[in-house]
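Below: my_file32.cif (mmCIF, C-alpha atoms)
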```
data_target
#
loop_
_atom_site.label_atom_id
_atom_site.label_comp_id
_atom_site.auth_asym_id
_atom_site.auth_seq_id
_atom_site.Cartn_x
_atom_site.Cartn_y
_atom_site.Cartn_z
CA MET D 203 118.69 222.63 88.75
CA PRO D 204 121.78 222.20 90.96
CA GLY D 205 125.18 223.10 89.60
CA SER D 206 127.78 220.37 89.30
CA GLN D 207 130.34 222.17 91.43
CA THR D 208 128.11 222.80 94.43
CA THR D 209 125.71 219.89 94.40
CA SER D 210 125.16 218.10 97.70
CA LEU D 211 122.56 215.76 99.10
CA LEU D 212 120.65 218.82 100.29
CA ASP D 213 119.68 219.45 96.67
CA PHE D 214 117.33 216.48 96.83
CA LEU D 215 115.19 218.62 99.15
CA GLY D 216 114.71 221.37 96.57
CA ASP D 217 113.12 224.40 98.24
CA TRP D 218 112.72 222.73 101.64
CA ARG D 219 114.74 224.35 104.42
CA VAL D 220 114.88 223.99 108.19
CA GLY D 221 111.61 225.48 109.40
CA THR D 222 109.63 224.46 106.30
CA ALA D 223 106.17 223.05 107.03
CA ILE D 224 105.72 219.58 105.52
CA ASP D 225 102.11 219.55 104.42
CA ALA D 226 100.31 216.56 102.98
CA PRO D 227 96.57 215.84 102.75
CA GLY D 228 95.21 214.39 105.96
CA LEU D 229 98.50 214.66 107.88
CA PRO D 230 99.08 216.55 111.14
CA ALA D 231 101.36 219.53 110.54
CA HIS D 232 105.08 218.77 110.76
CA VAL D 233 108.04 221.13 110.50
CA LEU D 234 111.49 220.26 109.17
CA ARG D 235 113.49 220.55 112.37
CA SER D 236 116.95 219.46 111.22
CA VAL D 237 118.78 217.92 108.26
CA SER D 238 121.95 215.83 108.18
CA THR D 239 124.09 214.88 105.18
CA SER D 240 126.76 213.01 107.16
CA GLY D 241 126.94 209.60 105.53
CA GLY D 242 123.51 210.00 103.96
CA LEU D 243 120.41 212.16 104.05
CA ALA D 244 118.34 212.31 107.24
CA LEU D 245 115.48 214.63 108.18
CA TRP D 246 114.00 215.28 111.61
CA LEU D 247 110.34 216.34 111.48
CA ALA D 248 108.64 217.84 114.54
CA GLY D 249 104.88 217.81 115.02
CA ASP D 250 102.18 217.72 117.65
CA ALA D 251 101.72 214.00 117.06
CA GLY D 252 105.38 213.39 117.85
CA ASP D 253 108.75 213.70 116.15
CA VAL D 254 109.78 211.47 113.26
CA ARG D 255 113.20 210.84 111.75
CA ILE D 256 113.15 210.23 108.00
CA ASP D 257 116.08 208.41 106.37
CA VAL D 258 116.68 208.63 102.63
CA PHE D 259 119.02 206.08 101.07
CA PRO D 260 119.88 204.48 97.72
CA LEU D 261 117.64 201.47 97.20
CA GLY D 262 120.66 199.17 96.92
CA THR D 263 121.42 199.84 100.58
CA GLN D 264 118.86 197.23 101.55
CA ALA D 265 121.15 194.49 100.35
CA GLN D 266 123.85 195.65 102.77
CA ASP D 267 121.98 197.16 105.70
CA ALA D 268 119.04 195.21 107.10
CA SER D 269 118.00 198.24 109.18
CA GLN D 270 117.00 200.09 106.00
CA ARG D 271 113.59 199.03 104.71
CA ALA D 272 111.86 201.43 102.35
CA VAL D 273 108.23 202.22 103.11
CA ALA D 274 108.16 204.69 100.20
CA SER D 275 110.48 205.16 97.25
CA THR D 276 111.45 207.12 94.19
CA GLN D 277 113.14 205.60 91.17
CA ALA D 278 116.55 205.47 92.89
CA LEU D 279 115.95 206.20 96.57
CA GLY D 280 114.19 204.52 99.46
CA VAL D 281 112.59 206.40 102.35
CA SER D 282 112.11 204.97 105.85
CA TYR D 283 111.26 206.41 109.26
CA ARG D 284 111.87 206.02 112.96
CA SER D 285 109.28 207.30 115.39
CA LEU D 286 110.55 209.54 118.18
CA GLY D 287 107.48 209.55 120.38
CA ALA D 288 105.03 209.04 117.51
CA PRO D 289 103.82 205.42 117.65
CA ASP D 290 101.38 205.61 114.71
CA PRO D 291 102.95 203.66 111.80
CA GLY D 292 100.39 205.15 109.42
CA LEU D 293 101.74 208.64 110.15
CA GLY D 294 105.33 207.57 109.56
CA LYS D 295 104.45 205.93 106.25
CA ALA D 296 102.47 208.96 105.09
CA LEU D 297 105.36 211.30 105.91
CA CYS D 298 107.74 209.03 103.98
CA GLU D 299 105.41 209.16 100.99
CA ALA D 300 105.29 212.97 101.18
CA VAL D 301 109.10 213.17 101.30
CA ALA D 302 109.47 210.70 98.41
CA HIS D 303 106.99 212.64 96.29
CA HIS D 304 108.90 215.88 96.89
CA ILE D 305 112.34 214.37 96.18
CA ALA D 306 111.18 212.64 92.98
CA ARG D 307 110.61 215.95 91.20
CA ASP D 308 114.33 216.76 90.72
CA GLU D 309 115.89 213.40 91.54
CA ALA D 310 117.35 212.64 88.10
CA ALA D 311 118.93 216.09 87.78
CA VAL D 312 120.46 215.94 91.26
CA ILE D 313 121.92 212.48 90.69
CA ALA D 314 123.38 213.56 87.35
CA ALA D 315 124.94 216.62 88.99
CA LEU D 316 126.35 214.56 91.86
CA GLN D 317 128.06 212.29 89.36
CA ARG D 318 129.90 215.11 87.61
CA ASN D 319 133.36 216.23 88.75
CA GLN D 320 133.54 213.97 91.79
CA GLY D 321 137.16 212.96 91.26
CA THR D 322 138.64 209.60 92.10
CA GLN D 323 140.64 210.26 95.27
CA ARG D 324 140.00 208.10 98.29
CA ILE D 325 140.98 210.95 100.62
CA ARG D 326 139.06 214.09 99.69
CA ASP D 327 138.65 217.56 101.15
CA VAL D 328 134.97 218.46 100.83
CA GLY D 329 132.78 221.35 101.88
CA GLY D 330 129.28 222.73 101.68
CA GLY D 331 126.09 222.14 103.59
CA PRO D 332 125.38 222.35 107.33
CA LEU D 333 127.80 221.05 109.95
CA LEU D 334 125.75 220.93 113.16
CA THR D 335 122.87 218.46 113.06
CA LEU D 336 120.08 218.66 115.64
CA MET D 337 119.51 215.20 117.09
CA GLY D 338 117.79 213.52 120.01
CA PRO D 339 114.19 213.75 121.24
CA THR D 340 112.47 217.12 121.48
CA ASP D 341 112.85 217.19 125.27
CA ASP D 342 116.56 216.28 125.24
CA PRO D 343 118.16 217.52 122.00
CA PHE D 344 121.84 217.93 121.16
CA TRP D 345 124.01 218.92 118.23
CA ALA D 346 125.98 216.24 116.37
CA LEU D 347 129.18 217.29 114.62
CA ASP D 348 131.00 215.10 112.06
CA PRO D 349 134.43 216.45 111.05
CA TYR D 350 134.82 213.50 108.66
CA VAL D 351 132.67 211.05 106.72
CA GLY D 352 134.28 207.67 106.20
CA CYS D 353 136.93 206.29 108.50
CA THR D 354 140.30 204.65 108.00
CA ILE D 355 140.07 202.89 111.36
CA GLY D 356 137.81 200.53 109.42
CA CYS D 357 135.80 198.84 112.17
CA GLN D 358 134.43 195.74 110.47
CA PHE D 359 131.10 195.75 112.33
CA CYS D 360 130.42 199.46 111.73
CA TYR D 361 126.75 199.86 110.86
CA ALA D 362 127.37 203.08 108.88
CA GLN D 363 129.33 201.39 106.13
CA GLY D 364 126.43 200.07 104.06
CA ARG D 365 124.64 203.38 103.67
CA ALA D 366 127.86 205.40 103.28
CA GLN D 367 129.14 203.05 100.56
CA SER D 368 125.84 203.11 98.70
CA TRP D 369 125.81 206.93 98.55
CA ARG D 370 129.34 206.84 97.09
CA LYS D 371 128.11 204.47 94.40
CA LEU D 372 125.12 206.70 93.60
CA ALA D 373 127.46 209.70 93.28
CA GLY D 374 129.61 207.84 90.77
CA LEU D 375 132.63 207.46 93.03
CA PRO D 376 134.81 204.37 92.55
CA ASP D 377 134.27 201.28 94.67
CA ALA D 378 136.49 201.31 97.74
CA ARG D 379 136.41 199.04 100.75
CA TRP D 380 135.25 200.43 104.07
CA GLY D 381 138.26 201.79 105.91
CA SER D 382 140.07 202.97 102.76
CA TRP D 383 138.34 206.30 102.09
CA VAL D 384 137.54 209.51 103.97
CA ASP D 385 135.89 212.81 103.14
CA ALA D 386 137.39 215.51 105.37
CA ARG D 387 135.10 218.44 106.02
CA ALA D 388 137.72 221.07 105.07
CA ASP D 389 135.47 224.05 105.81
CA ALA D 390 134.23 222.75 109.16
CA PRO D 391 135.87 225.36 111.44
CA GLU D 392 134.55 228.28 109.39
CA VAL D 393 131.06 226.79 109.09
CA LEU D 394 131.01 225.98 112.81
CA ALA D 395 131.99 229.53 113.78
CA ARG D 396 129.13 230.85 111.65
CA GLU D 397 126.54 228.35 112.87
CA LEU D 398 127.36 228.83 116.55
CA ARG D 399 126.29 232.48 116.34
CA THR D 400 122.65 231.48 116.03
CA ALA D 401 122.64 227.84 117.23
CA ALA D 402 120.56 226.89 120.26
CA ARG D 403 122.69 226.45 123.38
CA LEU D 404 122.81 222.65 123.46
CA PRO D 405 125.45 219.97 124.08
CA ILE D 406 127.67 219.18 121.09
CA LYS D 407 128.74 215.61 120.37
CA PHE D 408 131.62 214.85 118.04
CA SER D 409 129.69 211.95 116.58
CA PRO D 410 131.60 208.81 115.57
CA ILE D 411 128.63 207.27 113.77
CA VAL D 412 130.08 207.75 110.28
CA SER D 413 133.67 208.47 111.31
CA ASP D 414 136.04 208.76 114.24
CA PRO D 415 137.00 212.36 115.08
CA TYR D 416 140.56 211.19 115.87
CA GLN D 417 141.08 208.72 113.04
CA PRO D 418 144.60 208.72 111.48
CA LEU D 419 143.78 211.51 109.00
CA GLU D 420 143.32 213.92 111.92
CA ARG D 421 147.12 213.96 112.31
CA SER D 422 147.44 215.92 109.07
CA ARG D 423 144.05 217.61 108.59
CA ARG D 424 143.36 218.59 112.24
CA VAL D 425 139.70 219.27 111.46
CA THR D 426 138.58 218.12 114.91
CA ARG D 427 141.22 220.23 116.65
CA ARG D 428 140.29 223.33 114.69
CA CYS D 429 136.62 222.82 115.57
CA LEU D 430 137.54 222.53 119.25
CA GLU D 431 139.52 225.76 118.95
CA VAL D 432 136.39 227.49 117.61
CA LEU D 433 134.37 226.22 120.58
CA VAL D 434 137.01 227.50 123.00
CA GLU D 435 137.16 230.88 121.24
CA GLN D 436 133.39 231.26 121.40
CA ASP D 437 133.29 230.04 125.01
CA TRP D 438 130.57 227.49 124.26
CA PRO D 439 128.53 227.19 127.46
CA GLU D 440 127.21 223.64 127.04
CA PRO D 441 128.97 220.26 127.36
CA VAL D 442 131.14 219.04 124.49
CA VAL D 443 131.35 215.25 124.16
CA VAL D 444 134.05 213.41 122.18
CA LEU D 445 134.07 209.66 121.54
CA THR D 446 136.99 207.93 119.83
CA ARG D 447 139.02 204.75 119.47
CA SER D 448 142.31 206.62 119.13
CA ALA D 449 144.97 207.72 121.61
CA LEU D 450 145.51 210.75 119.33
CA VAL D 451 142.90 212.56 121.43
CA LEU D 452 145.59 212.98 124.11
CA GLU D 453 147.24 215.64 121.95
CA ASP D 454 144.16 217.82 122.46
CA ALA D 455 143.78 217.24 126.20
CA GLY D 456 144.80 220.80 126.98
CA LEU D 457 142.33 222.20 124.48
CA LEU D 458 139.52 220.04 125.82
CA GLY D 459 140.37 221.21 129.31
CA ARG D 460 139.80 224.82 128.26
CA LEU D 461 136.17 224.16 127.39
CA ARG D 462 133.59 225.06 130.04
CA SER D 463 132.44 221.43 130.14
CA SER D 464 133.85 218.45 128.27
CA TRP D 465 133.56 214.67 128.32
CA VAL D 466 135.96 212.33 126.55
CA GLY D 467 135.12 208.70 125.91
CA MET D 468 136.76 205.63 124.48
CA SER D 469 135.15 202.61 122.86
CA VAL D 470 136.34 199.58 124.86
CA PRO D 471 134.17 196.55 123.95
CA THR D 472 136.59 193.90 125.19
CA LEU D 473 140.05 193.42 126.69
CA ASP D 474 140.97 190.87 124.01
CA GLU D 475 143.67 192.65 121.96
CA GLY D 476 143.82 189.93 119.33
CA LEU D 477 140.10 190.07 118.74
CA LEU D 478 140.03 193.84 118.29
CA SER D 479 143.07 193.79 115.99
CA VAL D 480 140.82 191.87 113.59
CA LEU D 481 137.60 193.86 114.13
CA GLU D 482 139.12 197.35 114.51
CA PRO D 483 142.31 197.11 112.42
CA ALA D 484 143.58 200.69 112.68
CA ALA D 485 142.36 201.62 116.16
CA SER D 486 144.61 202.14 119.15
CA SER D 487 145.23 199.04 121.24
CA ILE D 488 143.14 198.43 124.34
CA ALA D 489 146.22 199.11 126.50
CA GLU D 490 146.64 202.48 124.75
CA ARG D 491 142.96 203.33 125.17
CA LEU D 492 142.97 202.56 128.88
CA GLU D 493 146.19 204.56 129.35
CA THR D 494 144.65 207.45 127.39
CA LEU D 495 141.61 207.44 129.66
CA ARG D 496 143.88 207.33 132.71
CA GLN D 497 145.86 210.35 131.54
CA LEU D 498 142.76 212.31 130.56
CA ARG D 499 141.21 211.64 133.95
CA ALA D 500 144.42 212.66 135.69
CA ALA D 501 144.30 215.91 133.70
CA GLY D 502 140.90 216.65 135.26
CA LEU D 503 138.69 215.68 132.31
CA ARG D 504 135.54 213.62 132.76
CA THR D 505 135.95 210.26 131.09
CA PHE D 506 133.55 207.54 130.00
CA ALA D 507 133.59 204.28 128.05
CA VAL D 508 131.33 202.81 125.41
CA VAL D 509 131.02 199.03 125.43
CA GLN D 510 129.32 198.45 122.10
CA PRO D 511 129.00 195.83 120.93
CA VAL D 512 129.58 193.57 123.90
CA LEU D 513 132.16 191.00 122.82
CA PRO D 514 133.64 187.82 124.34
CA GLY D 515 135.58 188.23 127.56
CA ASP D 516 135.14 188.24 131.31
CA PRO D 517 132.71 191.09 132.20
CA GLN D 518 134.22 191.42 135.68
CA GLU D 519 137.75 191.86 134.32
CA LEU D 520 136.51 194.46 131.84
CA ALA D 521 134.65 196.29 134.60
CA ALA D 522 137.72 196.32 136.84
CA ALA D 523 139.84 197.82 134.05
CA LEU D 524 137.26 200.47 133.22
CA GLY D 525 136.45 201.26 136.84
CA ALA D 526 140.00 202.54 137.30
CA VAL D 527 139.76 205.10 134.47
CA VAL D 528 136.11 206.15 133.90
CA GLY D 529 133.14 207.29 135.93
CA SER D 530 130.42 206.14 133.55
CA ALA D 531 129.81 203.83 130.62
CA SER D 532 127.28 203.03 127.94
CA VAL D 533 126.64 199.38 127.07
CA ASP D 534 124.81 198.00 124.04
CA THR D 535 124.56 194.94 121.82
CA LEU D 536 125.77 194.15 118.31
CA ALA D 537 123.74 196.06 115.72
CA GLY D 538 124.78 193.67 112.94
CA VAL D 539 127.75 191.78 111.55
CA TYR D 540 128.04 193.88 108.36
CA GLY D 541 131.63 193.79 107.06
CA ALA D 542 132.74 191.50 109.90
CA ARG D 543 131.00 188.45 108.47
CA GLN D 544 134.31 186.92 107.38
CA ALA D 545 135.78 187.41 110.85
CA PHE D 546 132.70 186.02 112.59
CA GLU D 547 132.39 182.96 110.39
CA PHE D 548 135.74 182.04 108.86
CA GLY D 549 138.61 184.16 110.20
CA ALA D 550 141.20 183.42 112.85
CA ALA D 551 138.85 184.90 115.50
CA ALA D 552 135.80 182.91 114.36
CA GLY D 553 136.11 180.40 117.21
CA VAL D 554 136.06 183.14 119.83
CA LEU D 555 133.21 184.92 118.05
CA ALA D 556 131.08 181.83 117.43
CA ASP D 557 128.45 182.74 120.01
CA ALA D 558 128.77 186.52 119.89
CA ARG D 559 126.44 187.11 116.95
CA ASP D 560 123.57 185.30 118.70
CA PRO D 561 121.05 187.86 120.09
CA GLY D 562 120.51 185.74 123.20
CA TRP D 563 124.23 185.64 123.95
CA GLN D 564 124.47 189.39 123.34
CA GLN D 565 121.67 190.07 125.82
CA ARG D 566 123.17 187.82 128.50
CA GLN D 567 126.60 189.42 128.03
CA LEU D 568 125.05 192.87 128.24
CA VAL D 569 123.29 192.07 131.53
CA ALA D 570 126.48 190.60 132.97
CA THR D 571 128.56 193.59 131.85
CA VAL D 572 126.10 196.15 133.26
CA GLY D 573 126.07 194.30 136.60
CA ALA D 574 129.86 194.09 136.72
CA LEU D 575 130.29 197.80 135.94
CA ARG D 576 127.82 198.83 138.63
CA SER D 577 129.54 196.58 141.12
CA VAL D 578 132.75 198.63 140.77
CA GLY D 579 130.94 201.99 140.98
CA VAL D 580 130.71 202.84 137.26
CA GLU D 581 127.46 204.59 136.38
CA VAL D 582 125.76 202.90 133.41
CA TRP D 583 123.61 204.92 131.02
#
```

In structure tokens, what does this structure look like?
Amino acid sequence: MPGSQTTSLLDFLGDWRVGTAIDAPGLPAHVLRSVSTSGGLALWLAGDAGDVRIDVFPLGTQAQDASQRAVASTQALGVSYRSLGAPDPGLGKALCEAVAHHIARDEAAVIAALQRNQGTQRIRDVGGGPLLTLMGPTDDPFWALDPYVGCTIGCQFCYAQGRAQSWRKLAGLPDARWGSWVDARADAPEVLARELRTAARLPIKFSPIVSDPYQPLERSRRVTRRCLEVLVEQDWPEPVVVLTRSALVLEDAGLLGRLRSSWVGMSVPTLDEGLLSVLEPAASSIAERLETLRQLRAAGLRTFAVVQPVLPGDPQELAAALGAVVGSASVDTLAGVYGARQAFEFGAAAGVLADARDPGWQQRQLVATVGALRSVGVEVW
């Protein structure tokens, strides 16, 4: 049984470790390739029939996050899958059932332990568990690194908020709106130094899926900076990718420049400052983001932009602004409204956003944005 002081989401897995064979009657052999506890519990299983990602989440998450639909469950947790080259839905369902059966054995004890001694602070220093998470398809993997879970930038359309909030509730932490709490991975530099000694030589991405590596708390905790210092000290040979919405990254430009290979990106979904002040309340302004990219590029760093989700505005004007400061960009549509429902439907920006939640509008805006970016020489990926 897990102890109350050291319990983490990994305890749901019991004796399973990376490398464990997941055996179930009638199933092709699969091996536990990687585990992530950043904002939830995710498992990557590798097998001859293809790789499968398994997501474990509190059952209440379904009410908040339409992307989470349990195909197997325990008393408190749902289990879903995403195929990574394995198109057989029967295989994915069977693997979910095997994971659910395994978790159910100690579920009550783990939940009880999670709910002891959690504290009530909205800003917490936490530790324990792995830091680097193996992600991506088998033929193009990379390491994801989350210095924080939770984010005080508080992007209203962030698709991580539903699952992150539901895990807090399961752990007995007090209700807190998205954007008001953060768990800082206090032991990240030490864990990273240890993991890099045996980690496969792969790119490392400072993943902003459940946090921003340069959110306001980085000014005092400097977890991201200290992780970058470890990568410089160990002379990491593969690319390091950082994505943020904060001009604070400029303070680490020199450090990023000392890496063998580094890429720094900014999320720039629109040039409408008023719109983003509603949707991304604590992020740097668009003017600051563009100036940050300009300075980083002038310092010799490779820069890119992420336009996700596409939002109202002239695609050609956006492309012209980005073309002056980045060499490449990623473009994608709105994953969901999530916490931005008020802004989309009733807030001061609702008129501007009236069409933006429509999938057809999103697709047309995406096509127009991709074309505009390519017309000014920005590579789109």

Compare D:Pro511, D:Gly352, D:Gly242, D:Pro227 by their minimum atom-to-atom distance to Trp563 (chain D), counting all atoms listed in the file, and give me the closest one.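 Comparing D:Pro511, D:Gly352, D:Gly242, D:Pro227 against Trp563 (chain D), the winner is D:Pro511.
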
Result set, the PyMOL selection byres ((chain D and resi 385) around 7) on current file, as a list of chain:residue names: D:Ile325, D:Arg326, D:Asp327, D:Val328, D:Tyr350, D:Val351, D:Gly352, D:Val384, D:Ala386, D:Arg387

Would you write out those residues with C-alpha atoms, as an mmCIF file, in the coordinates of the input?
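Output contents, as saved in selection14.cif:
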```cif
data_model
loop_
_atom_site.group_PDB
_atom_site.id
_atom_site.type_symbol
_atom_site.label_atom_id
_atom_site.label_comp_id
_atom_site.auth_asym_id
_atom_site.auth_seq_id
_atom_site.Cartn_x
_atom_site.Cartn_y
_atom_site.Cartn_z
ATOM 1 C CA ILE D 325 140.980 210.950 100.620
ATOM 2 C CA ARG D 326 139.060 214.090 99.690
ATOM 3 C CA ASP D 327 138.650 217.560 101.150
ATOM 4 C CA VAL D 328 134.970 218.460 100.830
ATOM 5 C CA TYR D 350 134.820 213.500 108.660
ATOM 6 C CA VAL D 351 132.670 211.050 106.720
ATOM 7 C CA GLY D 352 134.280 207.670 106.200
ATOM 8 C CA VAL D 384 137.540 209.510 103.970
ATOM 9 C CA ALA D 386 137.390 215.510 105.370
ATOM 10 C CA ARG D 387 135.100 218.440 106.020
#
```

On this structure, which residues satisfy the PyMOL selection byres ((chain D and resi 349) around 9), written as an MDAnalysis selection string? chainID D and resid 333 347:348 350:351 385:388 390 408:409 413:415 425:426 429

Only C-alpha atoms, please: the residues just picked out, written as an mmCIF file, keeping the file's coordinate frame.
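Saved as result12.cif:
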```cif
data_model
loop_
_atom_site.group_PDB
_atom_site.id
_atom_site.type_symbol
_atom_site.label_atom_id
_atom_site.label_comp_id
_atom_site.auth_asym_id
_atom_site.auth_seq_id
_atom_site.Cartn_x
_atom_site.Cartn_y
_atom_site.Cartn_z
ATOM 1 C CA LEU D 333 127.800 221.050 109.950
ATOM 2 C CA LEU D 347 129.180 217.290 114.620
ATOM 3 C CA ASP D 348 131.000 215.100 112.060
ATOM 4 C CA TYR D 350 134.820 213.500 108.660
ATOM 5 C CA VAL D 351 132.670 211.050 106.720
ATOM 6 C CA ASP D 385 135.890 212.810 103.140
ATOM 7 C CA ALA D 386 137.390 215.510 105.370
ATOM 8 C CA ARG D 387 135.100 218.440 106.020
ATOM 9 C CA ALA D 388 137.720 221.070 105.070
ATOM 10 C CA ALA D 390 134.230 222.750 109.160
ATOM 11 C CA PHE D 408 131.620 214.850 118.040
ATOM 12 C CA SER D 409 129.690 211.950 116.580
ATOM 13 C CA SER D 413 133.670 208.470 111.310
ATOM 14 C CA ASP D 414 136.040 208.760 114.240
ATOM 15 C CA PRO D 415 137.000 212.360 115.080
ATOM 16 C CA VAL D 425 139.700 219.270 111.460
ATOM 17 C CA THR D 426 138.580 218.120 114.910
ATOM 18 C CA CYS D 429 136.620 222.820 115.570
#
```

Write out as a ChimeraX atom specification the residues lying within 12 Å of Leu293 (chain D), counting only C-alpha atoms and excluding same-chain residues fewer than 5 positions away. /D:226-232,247,249-256,273,282-288,298-300

Find the spatial neighbours of Ala489 (chain D), counting all atoms listed in the file, within a cut-off of 9 Å - ignore same-chain residues fewer than 5 positions away - and output them as a PyMOL selection string. chain D and resi 473+475+494

Looking at all atoms listed in the file, which of D:Ser422, D:Ser382, D:Thr276, D:Gln510 is the one that sits closest to Phe359 (chain D)? D:Gln510

Tell me which protein, DNA and RNA residues are within 10 Å of region 304-308 of chain D, counting all atoms listed in the file, leaving out same-chain ones fewer than 3 positions away, and put them as a PyMOL selection string. chain D and resi 203-204+213-218+224+258+275-279+298-301+311-313

Output for the residues just chosen: C-alpha atoms as a JSON list (two decimals), keeping the file's coordinate frame:
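Output contents, as saved in part31.json:
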```
[["chain", "number", "residue", "atom", "x", "y", "z"],
["D", 203, "MET", "CA", 118.69, 222.63, 88.75],
["D", 204, "PRO", "CA", 121.78, 222.20, 90.96],
["D", 213, "ASP", "CA", 119.68, 219.45, 96.67],
["D", 214, "PHE", "CA", 117.33, 216.48, 96.83],
["D", 215, "LEU", "CA", 115.19, 218.62, 99.15],
["D", 216, "GLY", "CA", 114.71, 221.37, 96.57],
["D", 217, "ASP", "CA", 113.12, 224.40, 98.24],
["D", 218, "TRP", "CA", 112.72, 222.73, 101.64],
["D", 224, "ILE", "CA", 105.72, 219.58, 105.52],
["D", 258, "VAL", "CA", 116.68, 208.63, 102.63],
["D", 275, "SER", "CA", 110.48, 205.16, 97.25],
["D", 276, "THR", "CA", 111.45, 207.12, 94.19],
["D", 277, "GLN", "CA", 113.14, 205.60, 91.17],
["D", 278, "ALA", "CA", 116.55, 205.47, 92.89],
["D", 279, "LEU", "CA", 115.95, 206.20, 96.57],
["D", 298, "CYS", "CA", 107.74, 209.03, 103.98],
["D", 299, "GLU", "CA", 105.41, 209.16, 100.99],
["D", 300, "ALA", "CA", 105.29, 212.97, 101.18],
["D", 301, "VAL", "CA", 109.10, 213.17, 101.30],
["D", 311, "ALA", "CA", 118.93, 216.09, 87.78],
["D", 312, "VAL", "CA", 120.46, 215.94, 91.26],
["D", 313, "ILE", "CA", 121.92, 212.48, 90.69]]
```

Length of the CA of Trp383 (chain D) to CA of Ala484 (chain D) vector [Å]: 13.1 Å
